[in-house]
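To start, the structure under review is shown below, and the notes come after it.
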Amino acid sequence: MITNQSSKTVKLFKSIHRNKSKRVETGLTIAEGVRLVTDILSNEQSRRLVRRIIVSESLINGQSNNNEYQRQLTHWLDVVEMESRQSKEAFASGNSKADATEPVAINMGTEQVLSACSGTVTPQGVVALMEIPLSFDVSTVSASAKESTMPPFFVILDGLQDPGNVGTLLRSCSASHVSALVLLPDSCDVWNPKAIRSAMGATFRVPIIDLTERKDAMDQTLGILDRCGVESNRVFAATMERTGDGRASIAHFHIDFGTSGAAIILGKEGEGLRKEVRNAISQGKISTVFVPMAEGTESLNAAICGSIIMFERMRQLSAIQSV
């Protein structure tokens with residue numbers, strides 16, 4: 001039982017919530033909430049990333065165990081506890097395998113401790129400390145894209161910073177079979193606990209290629225896409241109806257997403273696309289796309305715009321499959 005709000009464990013949770021530098025230093029992030037933690041534990045791949053779970057007394061004692069997700073959470077906590085015990089026993093006997101699951105610490109915590117470890121105003125009684133998986137290897141993404149029966153499709157975030165928007169886009173990526181999400185410099189940290197909450201587990205299902213530290217990120221991106229079967233003229237930056245240099249943009253439903261690979265670039269909220277992307281447009285290296293809107297509408301939220309384009313692709317793929 002953790003009762004001290006000033007304990008090292010609680011301080012670690014707090015610092016990971018607050019600081020990207022701490023997340024980078026430790027390689028850890030946080031997932032919280034009954035449904036999200038349940039979904040993570042029920043998937044073997046994401047369950048392997050969990051290192052510590054803190055559960056409130058009321059949840060673990062069943063006092064508020066009144067819905068299906070809480071019952072499922074209790075079941076998966078039992079599974080994790082069993083796997084951790086088996087892992088410890090195997091290690092002690094010298095029979096531990098190279099890919100063995102690392103033991104997970106499961107602690108009860110007071111309501112005050114859960115509140116201190118949580119990033120929400122009204123904590124749901126469970127928080128999980130998790131390893132941040134490595135950025136996906138390009139060769140792995142390339143091989144997967146080429147093996148897929150669907151044309152490859154990539155979503156590229158150019159400085160998008162709102163965790164809610166990024167989480168929403170990740171959910172749409174997961175729901176529409178996107179090959180990978182690519183992060184350009186100044187983009188939101190997808191391992192920010194706020195973004196993880198918003199993505200509802202999609203962060204652990206969608207391949208993520210992190211180029212936020214690369215000065216040549218745009219050139220790197222075009223090279224990666226080429227390796228994955230997406231030519232530069234099939235890269236579409238989301239704009240208004242006309243681009244800054246007067247070039248006409250293409251309506252999203254006029255682009256063939258069903259038979260050829262493609263990628264879309266979504267710019268920063270309020271500021272739009274960075275100079276390197278605008279230069280690529282003006283030089284004719286990449287194309288542009290827009291989502292038609294009613295007259296007088298200034299713009300669409302980036303997450304809505306991206307999701308509309310992703311599901312237009314899904315519509316086209318479904319139409320092809322039904323023929």
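Letters A, B, ... mark the chains of the structure tokens in the order given; residue numbers begin at 1 per chain; ligand numbers begin at 1, in order shown.
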
- For stretch 206-214 of chain A, please output as a list in words all residues within 8 Å (counting only C-alpha atoms; exclusion window: fewer than 4 positions along the same chain). Ser135, Phe136, Asp137, Val138, Val141, Leu170, Cys173, Ser174, Val178, Ser179, Ala180, Leu181, Val182, Leu183, Leu184, Pro185, Asp186, Ser187 and Ala202 of chain A

- Which polymer residues have any atom within 12 Å of an atom of A:Ala319, counting only C-alpha atoms, with same-chain residues fewer than 3 positions away left out, as an MDAnalysis selection string? chainID A and resid 256:259 312:316 322:323

- Which parts of stretch 182-223 of chain A does DSSP call helix (DSSP H, G or I) when run on the backbone here, written out as a PyMOL selection string? chain A and resi 193-199+202-204+217-223

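The shortest atom-to-atom distance to A:Ala263, with only C-alpha atoms taken into account, belongs to A:Val230 out of A:Val80, A:Ile250, A:Val230, A:Leu36.
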
- Item | Separation of atom CA of A:Arg234 from atom CA of A:Ser260 in Å | 8.3 Å

- Message: Residues near A:Phe204, anyone? I mean within 12 Å using only C-alpha atoms, not counting same-chain ones fewer than 3 positions away, as a VMD selection string.
- Response: chain A and resid 29 31 36 to 37 39 to 41 43 to 50 130 to 136 167 170 to 171 173 to 174 180 to 181 190 to 191 195 to 197 199 to 201 207 to 208

- Query: Can you list, as a list in words, every protein, DNA or RNA residue that comes within 12 Å of A:Glu111 when you count only C-alpha atoms, leaving out same-chain residues fewer than 5 positions away?
  - Reply: Met1, Ile2, Thr3, Asn4, Gln5, Ile54, Val55, Ser56, Glu57, Ser58, Leu59, Ile60, Ala116, Cys117, Ser118, Thr122, Pro123, Gln124, Gly125, Val126 and Val127 of chain A

Those same residues - N, CA, C and O atoms - I'd like them written as a PDB file, in the first residue's frame.
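To be explicit, this is the file written out as out-v7.pdb:
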ATOM      1  N   MET A   1       0.849  -1.203   0.000  1.00  0.00           N
ATOM      2  CA  MET A   1       0.000   0.000   0.000  1.00  0.00           C
ATOM      3  C   MET A   1       0.878   1.244   0.000  1.00  0.00           C
ATOM      4  O   MET A   1       1.766   1.389   0.840  1.00  0.00           O
ATOM      5  N   ILE A   2       0.646   2.130  -0.970  1.00  0.00           N
ATOM      6  CA  ILE A   2       1.374   3.399  -1.012  1.00  0.00           C
ATOM      7  C   ILE A   2       0.479   4.470  -0.383  1.00  0.00           C
ATOM      8  O   ILE A   2      -0.630   4.718  -0.854  1.00  0.00           O
ATOM      9  N   THR A   3       0.963   5.073   0.681  1.00  0.00           N
ATOM     10  CA  THR A   3       0.177   6.090   1.391  1.00  0.00           C
ATOM     11  C   THR A   3       0.840   7.458   1.376  1.00  0.00           C
ATOM     12  O   THR A   3       0.172   8.469   1.589  1.00  0.00           O
ATOM     13  N   ASN A   4       2.141   7.476   1.108  1.00  0.00           N
ATOM     14  CA  ASN A   4       2.915   8.722   1.186  1.00  0.00           C
ATOM     15  C   ASN A   4       2.918   9.439  -0.163  1.00  0.00           C
ATOM     16  O   ASN A   4       3.464   8.938  -1.153  1.00  0.00           O
ATOM     17  N   GLN A   5       2.317  10.617  -0.215  1.00  0.00           N
ATOM     18  CA  GLN A   5       2.260  11.381  -1.454  1.00  0.00           C
ATOM     19  C   GLN A   5       3.615  11.969  -1.841  1.00  0.00           C
ATOM     20  O   GLN A   5       3.773  12.503  -2.940  1.00  0.00           O
ATOM     21  N   ILE A  54      -0.688   1.303 -10.159  1.00  0.00           N
ATOM     22  CA  ILE A  54      -1.218   1.697  -8.852  1.00  0.00           C
ATOM     23  C   ILE A  54      -2.734   1.756  -8.973  1.00  0.00           C
ATOM     24  O   ILE A  54      -3.269   2.409  -9.875  1.00  0.00           O
ATOM     25  N   VAL A  55      -3.400   1.061  -8.071  1.00  0.00           N
ATOM     26  CA  VAL A  55      -4.864   0.976  -8.099  1.00  0.00           C
ATOM     27  C   VAL A  55      -5.411   1.481  -6.773  1.00  0.00           C
ATOM     28  O   VAL A  55      -4.849   1.219  -5.708  1.00  0.00           O
ATOM     29  N   SER A  56      -6.515   2.192  -6.851  1.00  0.00           N
ATOM     30  CA  SER A  56      -7.122   2.702  -5.620  1.00  0.00           C
ATOM     31  C   SER A  56      -7.740   1.566  -4.814  1.00  0.00           C
ATOM     32  O   SER A  56      -8.103   0.518  -5.356  1.00  0.00           O
ATOM     33  N   GLU A  57      -7.866   1.796  -3.523  1.00  0.00           N
ATOM     34  CA  GLU A  57      -8.458   0.789  -2.638  1.00  0.00           C
ATOM     35  C   GLU A  57      -9.872   0.422  -3.072  1.00  0.00           C
ATOM     36  O   GLU A  57     -10.253  -0.744  -3.078  1.00  0.00           O
ATOM     37  N   SER A  58     -10.663   1.422  -3.443  1.00  0.00           N
ATOM     38  CA  SER A  58     -12.056   1.164  -3.798  1.00  0.00           C
ATOM     39  C   SER A  58     -12.170   0.277  -5.033  1.00  0.00           C
ATOM     40  O   SER A  58     -13.046  -0.592  -5.109  1.00  0.00           O
ATOM     41  N   LEU A  59     -11.261   0.470  -6.001  1.00  0.00           N
ATOM     42  CA  LEU A  59     -11.294  -0.365  -7.202  1.00  0.00           C
ATOM     43  C   LEU A  59     -10.852  -1.790  -6.900  1.00  0.00           C
ATOM     44  O   LEU A  59     -11.519  -2.759  -7.269  1.00  0.00           O
ATOM     45  N   ILE A  60      -9.730  -1.936  -6.243  1.00  0.00           N
ATOM     46  CA  ILE A  60      -9.168  -3.264  -6.038  1.00  0.00           C
ATOM     47  C   ILE A  60      -9.985  -4.092  -5.041  1.00  0.00           C
ATOM     48  O   ILE A  60     -10.002  -5.319  -5.087  1.00  0.00           O
ATOM     49  N   ALA A 116      -2.527  12.250  -6.766  1.00  0.00           N
ATOM     50  CA  ALA A 116      -1.203  12.829  -6.993  1.00  0.00           C
ATOM     51  C   ALA A 116      -0.531  12.232  -8.219  1.00  0.00           C
ATOM     52  O   ALA A 116       0.229  12.908  -8.920  1.00  0.00           O
ATOM     53  N   CYS A 117      -0.817  10.959  -8.527  1.00  0.00           N
ATOM     54  CA  CYS A 117      -0.192  10.270  -9.661  1.00  0.00           C
ATOM     55  C   CYS A 117      -0.943  10.493 -10.966  1.00  0.00           C
ATOM     56  O   CYS A 117      -0.467  10.091 -12.037  1.00  0.00           O
ATOM     57  N   SER A 118      -2.105  11.104 -10.876  1.00  0.00           N
ATOM     58  CA  SER A 118      -2.971  11.269 -12.040  1.00  0.00           C
ATOM     59  C   SER A 118      -2.803  12.650 -12.674  1.00  0.00           C
ATOM     60  O   SER A 118      -2.399  13.606 -12.021  1.00  0.00           O
ATOM     61  N   THR A 122     -10.457  14.422 -12.089  1.00  0.00           N
ATOM     62  CA  THR A 122     -11.202  13.359 -11.399  1.00  0.00           C
ATOM     63  C   THR A 122     -10.601  12.006 -11.772  1.00  0.00           C
ATOM     64  O   THR A 122     -11.035  11.373 -12.741  1.00  0.00           O
ATOM     65  N   PRO A 123      -9.589  11.539 -11.041  1.00  0.00           N
ATOM     66  CA  PRO A 123      -8.930  10.257 -11.336  1.00  0.00           C
ATOM     67  C   PRO A 123      -9.913   9.095 -11.291  1.00  0.00           C
ATOM     68  O   PRO A 123     -10.862   9.099 -10.514  1.00  0.00           O
ATOM     69  N   GLN A 124      -9.664   8.088 -12.135  1.00  0.00           N
ATOM     70  CA  GLN A 124     -10.548   6.918 -12.206  1.00  0.00           C
ATOM     71  C   GLN A 124     -10.057   5.751 -11.352  1.00  0.00           C
ATOM     72  O   GLN A 124     -10.630   4.671 -11.399  1.00  0.00           O
ATOM     73  N   GLY A 125      -8.964   5.964 -10.627  1.00  0.00           N
ATOM     74  CA  GLY A 125      -8.556   4.937  -9.685  1.00  0.00           C
ATOM     75  C   GLY A 125      -7.495   3.973 -10.156  1.00  0.00           C
ATOM     76  O   GLY A 125      -7.172   3.014  -9.443  1.00  0.00           O
ATOM     77  N   VAL A 126      -6.903   4.188 -11.328  1.00  0.00           N
ATOM     78  CA  VAL A 126      -5.826   3.310 -11.780  1.00  0.00           C
ATOM     79  C   VAL A 126      -4.890   4.076 -12.704  1.00  0.00           C
ATOM     80  O   VAL A 126      -5.333   4.805 -13.596  1.00  0.00           O
ATOM     81  N   VAL A 127      -3.576   3.937 -12.452  1.00  0.00           N
ATOM     82  CA  VAL A 127      -2.550   4.543 -13.306  1.00  0.00           C
ATOM     83  C   VAL A 127      -1.486   3.489 -13.584  1.00  0.00           C
ATOM     84  O   VAL A 127      -1.209   2.633 -12.737  1.00  0.00           O
TER      85      VAL A 127
END

- Residues at most 7 Å from A:Ser87, counting only C-alpha atoms, excluding those fewer than 2 positions away in the same chain, as JSON, numbers by chain? {"A": [83, 84, 85, 89, 90, 91, 100, 101, 102, 103]}

Would you save the residues from that selection as a PDB file, in the first residue's frame, using N, CA, C and O atoms?
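Result file is out-v4.pdb:
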ATOM      1  N   GLU A  83       1.543 -13.599 -14.363  1.00  0.00           N
ATOM      2  CA  GLU A  83       2.685 -13.580 -15.276  1.00  0.00           C
ATOM      3  C   GLU A  83       3.942 -13.076 -14.572  1.00  0.00           C
ATOM      4  O   GLU A  83       5.046 -13.588 -14.809  1.00  0.00           O
ATOM      5  N   SER A  84       3.779 -12.069 -13.721  1.00  0.00           N
ATOM      6  CA  SER A  84       4.921 -11.530 -12.987  1.00  0.00           C
ATOM      7  C   SER A  84       5.493 -12.563 -12.034  1.00  0.00           C
ATOM      8  O   SER A  84       6.715 -12.707 -11.902  1.00  0.00           O
ATOM      9  N   ARG A  85       4.614 -13.307 -11.372  1.00  0.00           N
ATOM     10  CA  ARG A  85       5.059 -14.353 -10.446  1.00  0.00           C
ATOM     11  C   ARG A  85       5.812 -15.448 -11.205  1.00  0.00           C
ATOM     12  O   ARG A  85       6.880 -15.907 -10.771  1.00  0.00           O
ATOM     13  N   GLU A  89       9.796 -16.509 -10.809  1.00  0.00           N
ATOM     14  CA  GLU A  89      10.171 -17.894 -10.507  1.00  0.00           C
ATOM     15  C   GLU A  89      11.134 -18.434 -11.568  1.00  0.00           C
ATOM     16  O   GLU A  89      12.105 -19.138 -11.242  1.00  0.00           O
ATOM     17  N   ALA A  90      10.876 -18.104 -12.833  1.00  0.00           N
ATOM     18  CA  ALA A  90      11.754 -18.565 -13.916  1.00  0.00           C
ATOM     19  C   ALA A  90      13.143 -17.948 -13.785  1.00  0.00           C
ATOM     20  O   ALA A  90      14.159 -18.615 -13.998  1.00  0.00           O
ATOM     21  N   PHE A  91      13.166 -16.664 -13.430  1.00  0.00           N
ATOM     22  CA  PHE A  91      14.453 -15.985 -13.265  1.00  0.00           C
ATOM     23  C   PHE A  91      15.240 -16.591 -12.099  1.00  0.00           C
ATOM     24  O   PHE A  91      16.445 -16.832 -12.200  1.00  0.00           O
ATOM     25  N   ALA A 100      11.303 -13.095 -22.073  1.00  0.00           N
ATOM     26  CA  ALA A 100      10.386 -13.229 -20.941  1.00  0.00           C
ATOM     27  C   ALA A 100       9.815 -11.876 -20.527  1.00  0.00           C
ATOM     28  O   ALA A 100      10.484 -10.847 -20.635  1.00  0.00           O
ATOM     29  N   THR A 101       8.571 -11.903 -20.049  1.00  0.00           N
ATOM     30  CA  THR A 101       7.932 -10.685 -19.583  1.00  0.00           C
ATOM     31  C   THR A 101       8.556 -10.223 -18.275  1.00  0.00           C
ATOM     32  O   THR A 101       8.753 -11.028 -17.358  1.00  0.00           O
ATOM     33  N   GLU A 102       8.900  -8.929 -18.194  1.00  0.00           N
ATOM     34  CA  GLU A 102       9.461  -8.403 -16.954  1.00  0.00           C
ATOM     35  C   GLU A 102       8.364  -8.307 -15.898  1.00  0.00           C
ATOM     36  O   GLU A 102       7.207  -8.008 -16.218  1.00  0.00           O
ATOM     37  N   PRO A 103       8.700  -8.584 -14.642  1.00  0.00           N
ATOM     38  CA  PRO A 103       7.696  -8.488 -13.577  1.00  0.00           C
ATOM     39  C   PRO A 103       7.118  -7.072 -13.482  1.00  0.00           C
ATOM     40  O   PRO A 103       7.824  -6.088 -13.710  1.00  0.00           O
TER      41      PRO A 103
END

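Here the question is which of A:Gln283, A:Gly119, A:Ala238, A:Asn165 gets nearest to A:Ile16 using only C-alpha atoms, and that residue is A:Gly119.
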
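If you measure from each of A:Gln72, A:Thr149, A:Thr203, A:Ser232 to A:Ala175 using only C-alpha atoms, the closest one turns out to be A:Thr203.
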
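Nearest to A:Ser172 of all the residues A:Gln220, A:Ser307, A:Asn107, A:Ser299 is A:Ser307, based on only C-alpha atoms.
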
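Distance annotation: of A:Thr168, A:Ser142, A:Asn279, A:Ser198, the residue with the minimal separation from A:Gly229 is A:Ser142; atom set is only C-alpha atoms.
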
- Query: Between atom CA of A:Ala303 and atom CA of A:Leu317, what is the distance, to one decimal in Å?
  - Reply: 21.1 Å

- Query: DSSP says strand (DSSP E or B) for which residues of stretch 218-321 of chain A? Put them as a ChimeraX atom specification?
  - Reply: /A:235-238,242,248,250-251,262-268,272,287-290

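Counting only C-alpha atoms, the residue from A:Val166, A:Glu295, A:Leu266, A:Arg274 that sits nearest to A:Ile309 is A:Leu266.
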
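Taking only C-alpha atoms, the non-local environment of A:Thr38 within 10 Å (same-chain residues fewer than 4 positions away omitted) comprises A:Glu32, A:Gly33, A:Val34, A:Ser42, A:Asn43, A:Arg47, A:Tyr69, A:Gln70, A:Arg71, A:Gln72, A:Leu73, A:Thr74, A:His75, A:Trp76, A:Leu77, A:Val126, A:Gly201.
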
- Message: One number please: atom CA of A:Val291 to atom CA of A:Ala251, in Å, one decimal.
- Response: 5.7 Å
